[in-house]
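Structure data follow from my_file_23.cif (mmCIF, C-alpha atoms):
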```cif
data_query
loop_
_atom_site.label_atom_id
_atom_site.label_comp_id
_atom_site.auth_asym_id
_atom_site.auth_seq_id
_atom_site.Cartn_x
_atom_site.Cartn_y
_atom_site.Cartn_z
CA MET Y 1 -13.03 4.14 -14.67
CA PRO Y 2 -11.93 7.57 -16.00
CA HIS Y 3 -8.40 8.72 -16.85
CA GLY Y 4 -7.28 5.16 -17.64
CA ILE Y 5 -7.30 4.19 -13.95
CA ASP Y 6 -8.36 0.68 -12.94
CA GLY Y 7 -8.03 0.55 -9.16
CA ILE Y 8 -5.14 0.35 -6.71
CA ASP Y 9 -2.14 -1.58 -8.01
CA HIS Y 10 0.00 -1.47 -4.86
CA LEU Y 11 0.76 0.46 -1.68
CA VAL Y 12 4.22 1.88 -0.96
CA ILE Y 13 5.56 1.76 2.60
CA ALA Y 14 8.67 3.95 2.85
CA VAL Y 15 11.17 2.60 5.38
CA ARG Y 16 14.58 3.64 6.67
CA ASP Y 17 15.95 0.16 7.28
CA LEU Y 18 14.82 -2.32 4.64
CA ASP Y 19 16.28 -5.36 6.38
CA LYS Y 20 14.40 -4.65 9.61
CA ALA Y 21 11.19 -3.97 7.69
CA ARG Y 22 11.53 -7.25 5.79
CA GLU Y 23 12.02 -9.10 9.07
CA ALA Y 24 8.95 -7.48 10.66
CA TYR Y 25 6.64 -8.34 7.76
CA ALA Y 26 8.01 -11.87 7.56
CA ARG Y 27 7.19 -12.28 11.26
CA LEU Y 28 3.62 -11.23 10.44
CA GLY Y 29 3.37 -14.23 8.12
CA PHE Y 30 3.93 -12.55 4.77
CA THR Y 31 6.06 -14.05 2.02
CA LEU Y 32 8.41 -11.38 0.69
CA THR Y 33 10.23 -11.29 -2.61
CA ALA Y 34 14.01 -11.12 -2.71
CA ARG Y 35 15.48 -7.64 -2.43
CA GLY Y 36 15.18 -5.71 -5.67
CA ARG Y 37 17.03 -2.60 -6.77
CA HIS Y 38 15.58 0.00 -9.11
CA THR Y 39 18.65 0.70 -11.20
CA GLU Y 40 17.67 4.15 -12.46
CA LEU Y 41 16.03 5.38 -9.25
CA LYS Y 42 18.69 4.19 -6.77
CA SER Y 43 16.06 2.65 -4.49
CA ALA Y 44 15.55 -0.87 -3.14
CA ASN Y 45 12.49 -2.89 -2.25
CA HIS Y 46 10.80 -6.07 -1.12
CA THR Y 47 7.24 -6.78 -2.23
CA ILE Y 48 4.33 -8.71 -0.71
CA MET Y 49 2.40 -10.09 -3.65
CA PHE Y 50 -1.30 -10.95 -3.91
CA PRO Y 51 -3.03 -12.20 -7.08
CA ASP Y 52 -4.27 -8.76 -8.15
CA ASP Y 53 -2.34 -6.20 -6.05
CA TYR Y 54 0.53 -5.95 -3.59
CA VAL Y 55 2.43 -4.05 -0.91
CA GLU Y 56 5.90 -2.63 -1.49
CA LEU Y 57 8.51 -1.94 1.21
CA LEU Y 58 10.73 0.78 -0.27
CA ALA Y 59 14.03 2.26 0.90
CA ILE Y 60 16.16 4.97 -0.72
CA GLU Y 61 19.79 3.94 -1.24
CA GLU Y 62 21.06 7.16 -2.86
CA PRO Y 63 19.50 10.63 -3.26
CA ASN Y 64 17.75 10.96 -6.59
CA PRO Y 65 15.38 13.64 -7.94
CA ALA Y 66 12.90 10.93 -8.92
CA THR Y 67 12.64 9.70 -5.31
CA ALA Y 68 12.93 13.07 -3.56
CA ALA Y 69 9.33 12.83 -2.30
CA TRP Y 70 10.11 9.56 -0.49
CA SER Y 71 13.30 11.01 1.01
CA GLU Y 72 11.35 14.02 2.26
CA PHE Y 73 8.66 11.77 3.73
CA LEU Y 74 11.28 9.73 5.60
CA LYS Y 75 12.66 12.84 7.28
CA THR Y 76 9.46 12.88 9.32
CA ARG Y 77 8.39 9.25 9.65
CA GLU Y 78 8.18 5.83 8.08
CA GLY Y 79 4.89 4.48 6.78
CA LEU Y 80 2.45 4.52 3.91
CA ALA Y 81 3.84 7.16 1.60
CA ALA Y 82 1.98 6.41 -1.62
CA ALA Y 83 -0.48 4.29 -3.53
CA ALA Y 84 0.17 3.17 -7.10
CA LEU Y 85 -2.83 2.98 -9.40
CA LYS Y 86 -3.37 0.47 -12.18
CA THR Y 87 -3.15 1.61 -15.77
CA ALA Y 88 -2.65 -0.19 -19.06
CA ASP Y 89 -0.93 2.81 -20.66
CA ALA Y 90 0.84 5.31 -18.41
CA ARG Y 91 1.59 7.84 -21.12
CA SER Y 92 -1.96 7.89 -22.41
CA THR Y 93 -3.15 8.20 -18.81
CA GLN Y 94 -0.74 11.08 -18.19
CA ALA Y 95 -2.28 12.93 -21.13
CA GLU Y 96 -5.77 12.35 -19.75
CA LEU Y 97 -4.72 13.52 -16.29
CA ALA Y 98 -3.12 16.61 -17.78
CA GLY Y 99 -6.32 17.40 -19.66
CA ALA Y 100 -8.26 17.18 -16.41
CA GLY Y 101 -5.73 19.26 -14.48
CA LEU Y 102 -4.70 16.23 -12.41
CA SER Y 103 -1.23 15.49 -13.75
CA GLY Y 104 1.80 15.72 -11.50
CA GLY Y 105 4.49 15.33 -14.17
CA GLU Y 106 5.72 13.41 -17.17
CA ALA Y 107 5.89 9.62 -17.42
CA VAL Y 108 9.07 7.92 -16.19
CA ASP Y 109 10.43 4.53 -17.31
CA PHE Y 110 12.52 2.40 -14.96
CA GLY Y 111 13.17 -1.17 -13.90
CA ARG Y 112 14.91 -3.61 -11.61
CA PRO Y 113 16.74 -6.86 -12.40
CA VAL Y 114 15.13 -10.05 -11.06
CA ASP Y 115 16.92 -13.38 -10.73
CA LEU Y 116 14.62 -16.18 -11.86
CA PRO Y 117 15.20 -19.94 -12.20
CA GLU Y 118 15.43 -19.45 -15.96
CA GLY Y 119 17.92 -16.57 -15.62
CA ARG Y 120 18.00 -12.84 -14.93
CA ARG Y 121 15.31 -10.61 -16.39
CA ASP Y 122 14.34 -6.99 -15.90
CA ALA Y 123 11.01 -6.01 -14.38
CA ARG Y 124 10.03 -2.87 -16.29
CA PHE Y 125 7.56 -0.15 -15.31
CA THR Y 126 6.28 3.22 -16.48
CA ILE Y 127 4.85 5.58 -13.89
CA THR Y 128 3.27 9.02 -13.94
CA GLN Y 129 2.49 11.12 -10.88
CA VAL Y 130 -0.97 12.38 -9.95
CA ALA Y 131 -1.11 16.01 -8.82
CA PRO Y 132 -0.68 16.02 -5.01
CA ALA Y 133 -3.69 18.31 -4.57
CA ALA Y 134 -5.88 15.55 -6.02
CA THR Y 135 -4.83 13.02 -3.37
CA PRO Y 136 -4.89 14.64 0.08
CA GLY Y 137 -3.07 12.63 2.71
CA GLY Y 138 -0.52 10.92 0.49
CA ARG Y 139 0.92 10.66 -2.98
CA MET Y 140 -0.54 8.60 -5.83
CA PHE Y 141 0.93 7.65 -9.16
CA LEU Y 142 -0.12 5.54 -12.13
CA CYS Y 143 1.89 2.35 -12.66
CA GLN Y 144 2.04 0.41 -15.91
CA HIS Y 145 3.60 -3.05 -15.72
CA HIS Y 146 5.44 -4.18 -18.85
CA THR Y 147 6.58 -7.53 -17.41
CA ARG Y 148 3.82 -8.86 -15.19
CA ASP Y 149 5.15 -12.41 -15.44
CA VAL Y 150 8.38 -11.25 -13.77
CA VAL Y 151 6.62 -9.44 -10.92
CA TRP Y 152 3.72 -11.84 -10.20
CA ARG Y 153 5.52 -15.11 -9.50
CA PRO Y 154 3.47 -18.04 -8.16
CA GLU Y 155 6.03 -18.83 -5.46
CA TYR Y 156 5.34 -15.46 -3.81
CA LEU Y 157 1.53 -15.54 -3.79
CA THR Y 158 1.04 -17.84 -0.80
CA HIS Y 159 1.38 -16.38 2.70
CA GLU Y 160 1.48 -18.16 6.04
CA ASN Y 161 -1.11 -15.71 7.41
CA GLY Y 162 -3.49 -16.53 4.54
CA ALA Y 163 -3.45 -13.03 3.04
CA THR Y 164 -5.03 -12.86 -0.41
CA ALA Y 165 -5.67 -9.21 -1.28
CA LEU Y 166 -5.69 -5.60 -0.21
CA ALA Y 167 -9.07 -4.84 1.37
CA ALA Y 168 -8.77 -1.07 1.90
CA LEU Y 169 -6.46 1.92 2.02
CA ILE Y 170 -7.25 3.83 5.21
CA VAL Y 171 -6.81 7.60 5.36
CA ALA Y 172 -6.99 9.52 8.64
CA ALA Y 173 -8.69 12.91 8.26
CA ASP Y 174 -10.32 15.50 10.50
CA ASP Y 175 -12.80 16.32 7.71
CA PRO Y 176 -13.49 13.03 5.89
CA GLU Y 177 -15.99 14.59 3.47
CA ALA Y 178 -13.51 17.19 2.23
CA VAL Y 179 -10.71 14.66 1.88
CA ALA Y 180 -12.81 11.99 0.17
CA GLY Y 181 -14.16 14.40 -2.46
CA PRO Y 182 -10.96 14.72 -4.53
CA TYR Y 183 -10.55 10.93 -4.56
CA ALA Y 184 -14.07 10.49 -5.90
CA THR Y 185 -13.21 12.99 -8.65
CA LEU Y 186 -9.99 11.15 -9.53
CA PHE Y 187 -11.68 7.73 -9.70
CA GLY Y 188 -14.93 8.96 -11.25
CA THR Y 189 -17.02 7.54 -8.43
CA HIS Y 190 -18.85 9.16 -5.53
CA VAL Y 191 -18.39 9.56 -1.79
CA GLU Y 192 -20.31 6.95 0.21
CA PRO Y 193 -21.23 8.10 3.76
CA ARG Y 194 -20.89 5.43 6.48
CA GLY Y 195 -21.65 7.39 9.64
CA THR Y 196 -18.60 9.58 10.26
CA VAL Y 197 -16.58 7.57 7.75
CA ARG Y 198 -16.43 8.15 4.00
CA VAL Y 199 -15.71 5.46 1.40
CA VAL Y 200 -14.54 5.93 -2.19
CA GLN Y 201 -14.64 2.98 -4.58
CA THR Y 202 -11.59 2.73 -6.84
CA GLY Y 203 -12.20 -0.32 -9.00
CA GLY Y 204 -9.97 -2.29 -6.60
CA ALA Y 205 -9.46 -1.90 -2.87
CA PRO Y 206 -11.60 1.06 -1.68
CA ILE Y 207 -10.28 4.16 0.06
CA VAL Y 208 -11.68 4.55 3.57
CA VAL Y 209 -11.44 8.06 4.99
CA ALA Y 210 -12.02 8.13 8.74
CA PRO Y 211 -11.77 10.66 11.58
CA PRO Y 212 -9.44 9.99 14.53
CA PRO Y 213 -12.18 8.75 16.90
CA ALA Y 214 -13.15 6.01 14.45
CA LEU Y 215 -9.53 4.95 14.04
CA VAL Y 216 -8.88 5.00 17.77
CA HIS Y 217 -11.70 2.45 17.99
CA LEU Y 218 -9.77 0.34 15.47
CA TRP Y 219 -6.16 0.85 16.59
CA ALA Y 220 -6.37 2.42 20.09
CA ASP Y 221 -3.35 4.66 20.75
CA ASP Y 222 -1.51 3.92 17.51
CA PRO Y 223 1.35 6.42 16.89
CA VAL Y 224 0.26 6.98 13.29
CA LEU Y 225 -2.84 8.77 14.60
CA SER Y 226 -0.54 11.49 15.91
CA ALA Y 227 0.88 12.20 12.44
CA PRO Y 228 -0.25 15.43 10.72
CA ARG Y 229 -3.62 14.81 9.05
CA PRO Y 230 -4.79 13.97 6.52
CA CYS Y 231 -2.43 11.03 6.12
CA PHE Y 232 -2.33 7.49 4.82
CA ALA Y 233 -2.68 5.74 8.18
CA GLY Y 234 -2.80 2.08 7.26
CA PHE Y 235 -4.42 -0.64 5.23
CA ALA Y 236 -6.63 -3.70 5.54
CA VAL Y 237 -5.76 -7.13 4.19
CA LYS Y 238 -8.19 -9.91 3.34
CA VAL Y 239 -7.25 -13.32 4.77
CA LYS Y 240 -8.63 -16.78 4.05
CA ASP Y 241 -9.23 -17.77 7.67
CA PHE Y 242 -9.45 -15.42 10.68
CA TYR Y 243 -8.35 -17.99 13.25
CA ALA Y 244 -5.45 -19.27 11.19
CA ALA Y 245 -4.25 -15.69 10.71
CA GLN Y 246 -4.63 -15.05 14.42
CA GLN Y 247 -2.38 -18.00 15.24
CA VAL Y 248 0.32 -16.70 12.90
CA LEU Y 249 0.15 -13.19 14.35
CA GLN Y 250 0.39 -14.57 17.86
CA LYS Y 251 3.62 -16.32 16.85
CA SER Y 252 5.00 -12.96 15.69
CA LYS Y 253 5.03 -11.74 19.32
CA PHE Y 254 3.71 -8.39 18.13
CA PRO Y 255 0.74 -7.27 20.26
CA THR Y 256 -2.42 -8.00 18.29
CA ILE Y 257 -5.94 -6.75 19.04
CA ALA Y 258 -8.64 -9.23 18.00
CA SER Y 259 -12.32 -8.29 18.04
CA GLU Y 260 -15.34 -8.12 15.75
CA GLY Y 261 -13.68 -10.43 13.24
CA VAL Y 262 -10.69 -8.13 12.74
CA LEU Y 263 -7.04 -8.53 13.79
CA ARG Y 264 -5.15 -5.28 14.29
CA VAL Y 265 -1.41 -4.66 14.47
CA ALA Y 266 -0.15 -1.19 15.41
CA SER Y 267 2.13 0.88 13.21
CA ARG Y 268 4.88 0.92 15.85
CA HIS Y 269 5.57 -2.71 14.88
CA THR Y 270 5.16 -2.37 11.11
CA HIS Y 271 7.35 0.61 10.21
CA GLY Y 272 4.60 3.17 10.32
CA ALA Y 273 1.57 1.50 8.70
CA ALA Y 274 -1.30 0.26 10.88
CA ILE Y 275 -2.67 -3.04 9.54
CA ALA Y 276 -6.03 -4.77 9.88
CA PHE Y 277 -6.56 -8.42 8.88
CA ALA Y 278 -10.05 -9.83 8.27
CA GLU Y 279 -11.94 -12.35 6.19
CA ASN Y 280 -14.47 -9.60 5.46
CA PHE Y 281 -13.65 -5.99 6.25
CA ASP Y 282 -17.12 -4.85 7.33
CA LEU Y 283 -16.94 -1.08 7.94
CA ALA Y 284 -20.38 -0.89 9.47
CA ARG Y 285 -19.31 -3.32 12.16
CA VAL Y 286 -15.69 -2.30 12.67
CA LEU Y 287 -15.78 1.50 12.63
CA PRO Y 288 -18.19 3.45 14.82
CA GLY Y 289 -20.78 5.59 13.04
#
```

Kindly transcribe the structure held in the file into structure tokens.
Amino acid sequence: MPHGIDGIDHLVIAVRDLDKAREAYARLGFTLTARGRHTELKSANHTIMFPDDYVELLAIEEPNPATAAWSEFLKTREGLAAAALKTADARSTQAELAGAGLSGGEAVDFGRPVDLPEGRRDARFTITQVAPAATPGGRMFLCQHHTRDVVWRPEYLTHENGATALAALIVAADDPEAVAGPYATLFGTHVEPRGTVRVVQTGGAPIVVAPPPALVHLWADDPVLSAPRPCFAGFAVKVKDFYAAQQVLQKSKFPTIASEGVLRVASRHTHGAAIAFAENFDLARVLPG
């Protein structure tokens, strides 16, 4: 992949009440890490870890220039505010992005303390922003992990709902072709037409850009479809067993739509991010052409 990018590292769901968000995702059958605090950024989080990627629930505890974009996002709504991209060297990647006119700023180092059985350690990261114009619908940034053994702990990788990986980032757009194009440029791939839907491969979970009628088919009258478009509307998660996941979601008491091998939970129950669960996220079957 170009620019030192190697797929989607994690998705960031910005929330106003971190405790309520943690409770909602736990009800959905996810195992969440203990609350973490980014010391330099004055933000707090819980993460939902998979073997190769993850989902982050993020709340802002104090105003900070480094998190101003999240604070601005939360003035309007909760939900998927950003996607972090994998990189082995954030500063080298920042230089490559700058050379391509895709950089959104300098690299930033930060961390959060983590209490482990062997004692407290710091999880350390370096991030660099991608130019917003290159990622219509939401923000993206490159994330370098310096302490993967602190972040990816085996006790957090097993989920009651059987979730094993991110399957897709879903972007709502009135003009999918125009929105998908910049993503293909960023990832050095091409736009794949699937009827009215456009897919961009990232090296990890793909980006699915879909018009409102296709997403209405998936999530009916979900409130996120009323947000200004383009926007990061939701995400798909791969599960080990459809029926086992269905049983867990039924226990959550959140209304769940089940059809065509996909379980769907609306964003009104998940702090702004519509979620689809499936053993195989088959776009040709799930989204109308």

Within 10 Å of Tyr54 (chain Y), counting all atoms listed in the file, which residues qualify if same-chain residues fewer than 2 places away don't, as a ChimeraX atom specification?
/Y:8-12,47-52,56,84,152,157,164-166

As an exercise, work out the distance from CA of Asp109 (chain Y) to CA of Leu186 (chain Y) in Å and give it to one decimal place.
22.8 Å

With distances taken over all atoms listed in the file, which residue among Y:Glu61, Y:Asp149, Y:Asp174, Y:Asp122 lies nearest Leu215 (chain Y)?
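Selected residue with least distance to Leu215 (chain Y): Y:Asp174.
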
Hey, could you make a per-residue contact list for region 67-102 of chain Y against region 270-284 of chain Y with 9 Å as the cut-off, showing the nearest pair of atoms and its distance in Å to one decimal, counting only C-alpha atoms, sorted by chain and number, as CSV?
```
residue,atom,partner,partner_atom,distance
Y:Arg77,CA,Y:Gly272,CA,7.2
Y:Glu78,CA,Y:Gly272,CA,5.0
Y:Gly79,CA,Y:Gly272,CA,3.8
Y:Leu80,CA,Y:Ala273,CA,5.7
```

So how many Å separate CA of Ala258 (chain Y) and CA of Pro223 (chain Y), to one decimal?
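Those two atoms sit 18.6 Å apart.
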
Of the candidates Y:Leu263, Y:Leu142, Y:Ala163, Y:Val15, which one gets nearest to Ser43 (chain Y) if we count all atoms listed in the file?
Y:Val15

Here is a test: counting only C-alpha atoms, which residue of Y:Ala107, Y:Ala244, Y:Val151, Y:Ala178 is nearest to Ile127 (chain Y)?
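Smallest distance to Ile127 (chain Y) is found for Y:Ala107.
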
Mind checking which residues fall within 12 Å of Ala100 (chain Y), counting only C-alpha atoms, ignoring those fewer than 2 positions away in the same chain, and posting them as a PDB file with C-alpha atoms, in the coordinates of the input?
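Saved file out.pdb follows:
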```
ATOM      1  CA  PRO Y   2     -11.930   7.570 -16.000  1.00  0.00           C
ATOM      2  CA  HIS Y   3      -8.400   8.720 -16.850  1.00  0.00           C
ATOM      3  CA  THR Y  93      -3.150   8.200 -18.810  1.00  0.00           C
ATOM      4  CA  GLN Y  94      -0.740  11.080 -18.190  1.00  0.00           C
ATOM      5  CA  ALA Y  95      -2.280  12.930 -21.130  1.00  0.00           C
ATOM      6  CA  GLU Y  96      -5.770  12.350 -19.750  1.00  0.00           C
ATOM      7  CA  LEU Y  97      -4.720  13.520 -16.290  1.00  0.00           C
ATOM      8  CA  ALA Y  98      -3.120  16.610 -17.780  1.00  0.00           C
ATOM      9  CA  LEU Y 102      -4.700  16.230 -12.410  1.00  0.00           C
ATOM     10  CA  SER Y 103      -1.230  15.490 -13.750  1.00  0.00           C
ATOM     11  CA  GLY Y 104       1.800  15.720 -11.500  1.00  0.00           C
ATOM     12  CA  VAL Y 130      -0.970  12.380  -9.950  1.00  0.00           C
ATOM     13  CA  ALA Y 131      -1.110  16.010  -8.820  1.00  0.00           C
ATOM     14  CA  ALA Y 134      -5.880  15.550  -6.020  1.00  0.00           C
ATOM     15  CA  THR Y 185     -13.210  12.990  -8.650  1.00  0.00           C
ATOM     16  CA  LEU Y 186      -9.990  11.150  -9.530  1.00  0.00           C
ATOM     17  CA  GLY Y 188     -14.930   8.960 -11.250  1.00  0.00           C
TER      18      GLY Y 188
END
```

Provide the CA of Phe235 (chain Y) to CA of Val171 (chain Y) distance in Å, to one decimal place.
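Computed distance, CA of Phe235 (chain Y) to CA of Val171 (chain Y), equals 8.6 Å.
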
May I ask which of the residues Y:Ala34, Y:Ala14, Y:Val237, Y:Val114 is the closest one to Lys75 (chain Y), counting all atoms listed in the file?
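Among the listed residues, the smallest separation from Lys75 (chain Y) belongs to Y:Ala14.
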
For Asn64 (chain Y), please output as a list in words all residues within 7 Å (counting only C-alpha atoms; exclusion window: fewer than 3 positions along the same chain).
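Surrounding residues, per the criterion: Leu41, Lys42, Thr67 and Ala68 of chain Y.
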
Export of the given selection (C-alpha atoms) as a short mmCIF file (atom, residue, chain, number, x, y, z; two decimals), keeping the file's coordinate frame:
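Printed below is part_34.cif as written:
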```cif
data_model
loop_
_atom_site.label_atom_id
_atom_site.label_comp_id
_atom_site.auth_asym_id
_atom_site.auth_seq_id
_atom_site.Cartn_x
_atom_site.Cartn_y
_atom_site.Cartn_z
CA LEU Y 41 16.03 5.38 -9.25
CA LYS Y 42 18.69 4.19 -6.77
CA THR Y 67 12.64 9.70 -5.31
CA ALA Y 68 12.93 13.07 -3.56
#
```

Nearest-residue call for Pro212 (chain Y), choices Y:Ala90, Y:Ala180, Y:Leu287, Y:Ala173, using all atoms listed in the file
Y:Ala173

Which residues come within 10 Å of Gly203 (chain Y), counting only C-alpha atoms, excluding same-chain residues fewer than 2 positions away, as a list of chain:residue names?
Y:Met1, Y:Ile5, Y:Asp6, Y:Gly7, Y:Ile8, Y:Leu85, Y:Lys86, Y:Phe187, Y:Gly188, Y:Thr189, Y:Val200, Y:Gln201, Y:Ala205, Y:Pro206

List, as a ChimeraX atom specification, every residue that the PyMOL selection byres ((chain Y and resi 254) around 9) selects in the file provided.
/Y:27-28,249-253,255-256,265-266,269

Let me have the centre and edge lengths in Å, one decimal, of the box along x, y and z around every listed atom of region 53-72 of chain Y with 4 Å of margin on each side, as AutoDock Vina command-line options.
```
--center_x 9.4 --center_y 3.9 --center_z -3.3 --size_x 31.4 --size_y 28.2 --size_z 19.2
```

Could you name the residues that touch Ala88 (chain Y) at 8 Å or less, counting all atoms listed in the file, but leaving out those on the same chain fewer than 6 positions away, as an MDAnalysis selection string?
chainID Y and resid 4 144:145

Enumerate, as a list in words, the residues matched when the PyMOL selection byres ((chain Y and resi 108) around 10) is run on the file above.
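So the PyMOL selection byres ((chain Y and resi 108) around 10), applied here, picks out Ala66, Ala90, Arg91, Gly105, Glu106, Ala107, Asp109, Phe110, Phe125, Thr126, Ile127, Thr128, Gln129 and Cys143 of chain Y.
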
Take the PyMOL selection byres ((chain Y and resi 228) around 12), run it mentally on this structure, and tell me the resulting residues as a PyMOL selection string.
chain Y and resi 73+76-77+136-138+171-174+212+223-227+229-233

Counting only C-alpha atoms, which residue out of Y:Ala59, Y:Ala24, Y:Val208, Y:Ala168 sits closest to His38 (chain Y)?
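That would be Y:Ala59, the residue with the smallest distance to His38 (chain Y).
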
Please return region 170-182 of chain Y, rebuilt to N, CA, C and O atoms, as a CSV table (one decimal), in the frame of the given file.
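The file below, result-v6.csv, is the result:
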```csv
chain,number,residue,atom,x,y,z
Y,170,ILE,N,-6.6,3.1,4.2
Y,170,ILE,CA,-7.2,3.8,5.2
Y,170,ILE,C,-6.6,5.2,5.4
Y,170,ILE,O,-5.3,5.2,5.7
Y,171,VAL,N,-7.3,6.2,5.2
Y,171,VAL,CA,-6.8,7.6,5.4
Y,171,VAL,C,-7.4,8.2,6.6
Y,171,VAL,O,-8.6,8.2,6.8
Y,172,ALA,N,-6.5,8.8,7.5
Y,172,ALA,CA,-7.0,9.5,8.6
Y,172,ALA,C,-7.2,11.0,8.3
Y,172,ALA,O,-6.3,11.6,7.7
Y,173,ALA,N,-8.4,11.5,8.6
Y,173,ALA,CA,-8.7,12.9,8.3
Y,173,ALA,C,-9.6,13.5,9.3
Y,173,ALA,O,-10.5,12.8,9.8
Y,174,ASP,N,-9.4,14.8,9.6
Y,174,ASP,CA,-10.3,15.5,10.5
Y,174,ASP,C,-11.6,15.8,9.8
Y,174,ASP,O,-12.7,15.9,10.5
Y,175,ASP,N,-11.6,16.0,8.5
Y,175,ASP,CA,-12.8,16.3,7.7
Y,175,ASP,C,-12.9,15.3,6.6
Y,175,ASP,O,-12.5,15.5,5.5
Y,176,PRO,N,-13.5,14.1,6.9
Y,176,PRO,CA,-13.5,13.0,5.9
Y,176,PRO,C,-14.2,13.4,4.6
Y,176,PRO,O,-13.8,13.0,3.5
Y,177,GLU,N,-15.2,14.2,4.7
Y,177,GLU,CA,-16.0,14.6,3.5
Y,177,GLU,C,-15.1,15.4,2.5
Y,177,GLU,O,-15.1,15.1,1.3
Y,178,ALA,N,-14.4,16.3,3.1
Y,178,ALA,CA,-13.5,17.2,2.2
Y,178,ALA,C,-12.4,16.4,1.6
Y,178,ALA,O,-12.0,16.6,0.5
Y,179,VAL,N,-11.8,15.5,2.4
Y,179,VAL,CA,-10.7,14.7,1.9
Y,179,VAL,C,-11.2,13.6,0.9
Y,179,VAL,O,-10.5,13.4,-0.1
Y,180,ALA,N,-12.3,13.0,1.1
Y,180,ALA,CA,-12.8,12.0,0.2
Y,180,ALA,C,-13.2,12.6,-1.2
Y,180,ALA,O,-13.1,11.9,-2.2
Y,181,GLY,N,-13.7,13.8,-1.2
Y,181,GLY,CA,-14.2,14.4,-2.5
Y,181,GLY,C,-13.2,14.3,-3.6
Y,181,GLY,O,-13.5,13.9,-4.7
Y,182,PRO,N,-11.9,14.8,-3.4
Y,182,PRO,CA,-11.0,14.7,-4.5
Y,182,PRO,C,-10.7,13.3,-5.0
Y,182,PRO,O,-10.5,13.1,-6.2
```
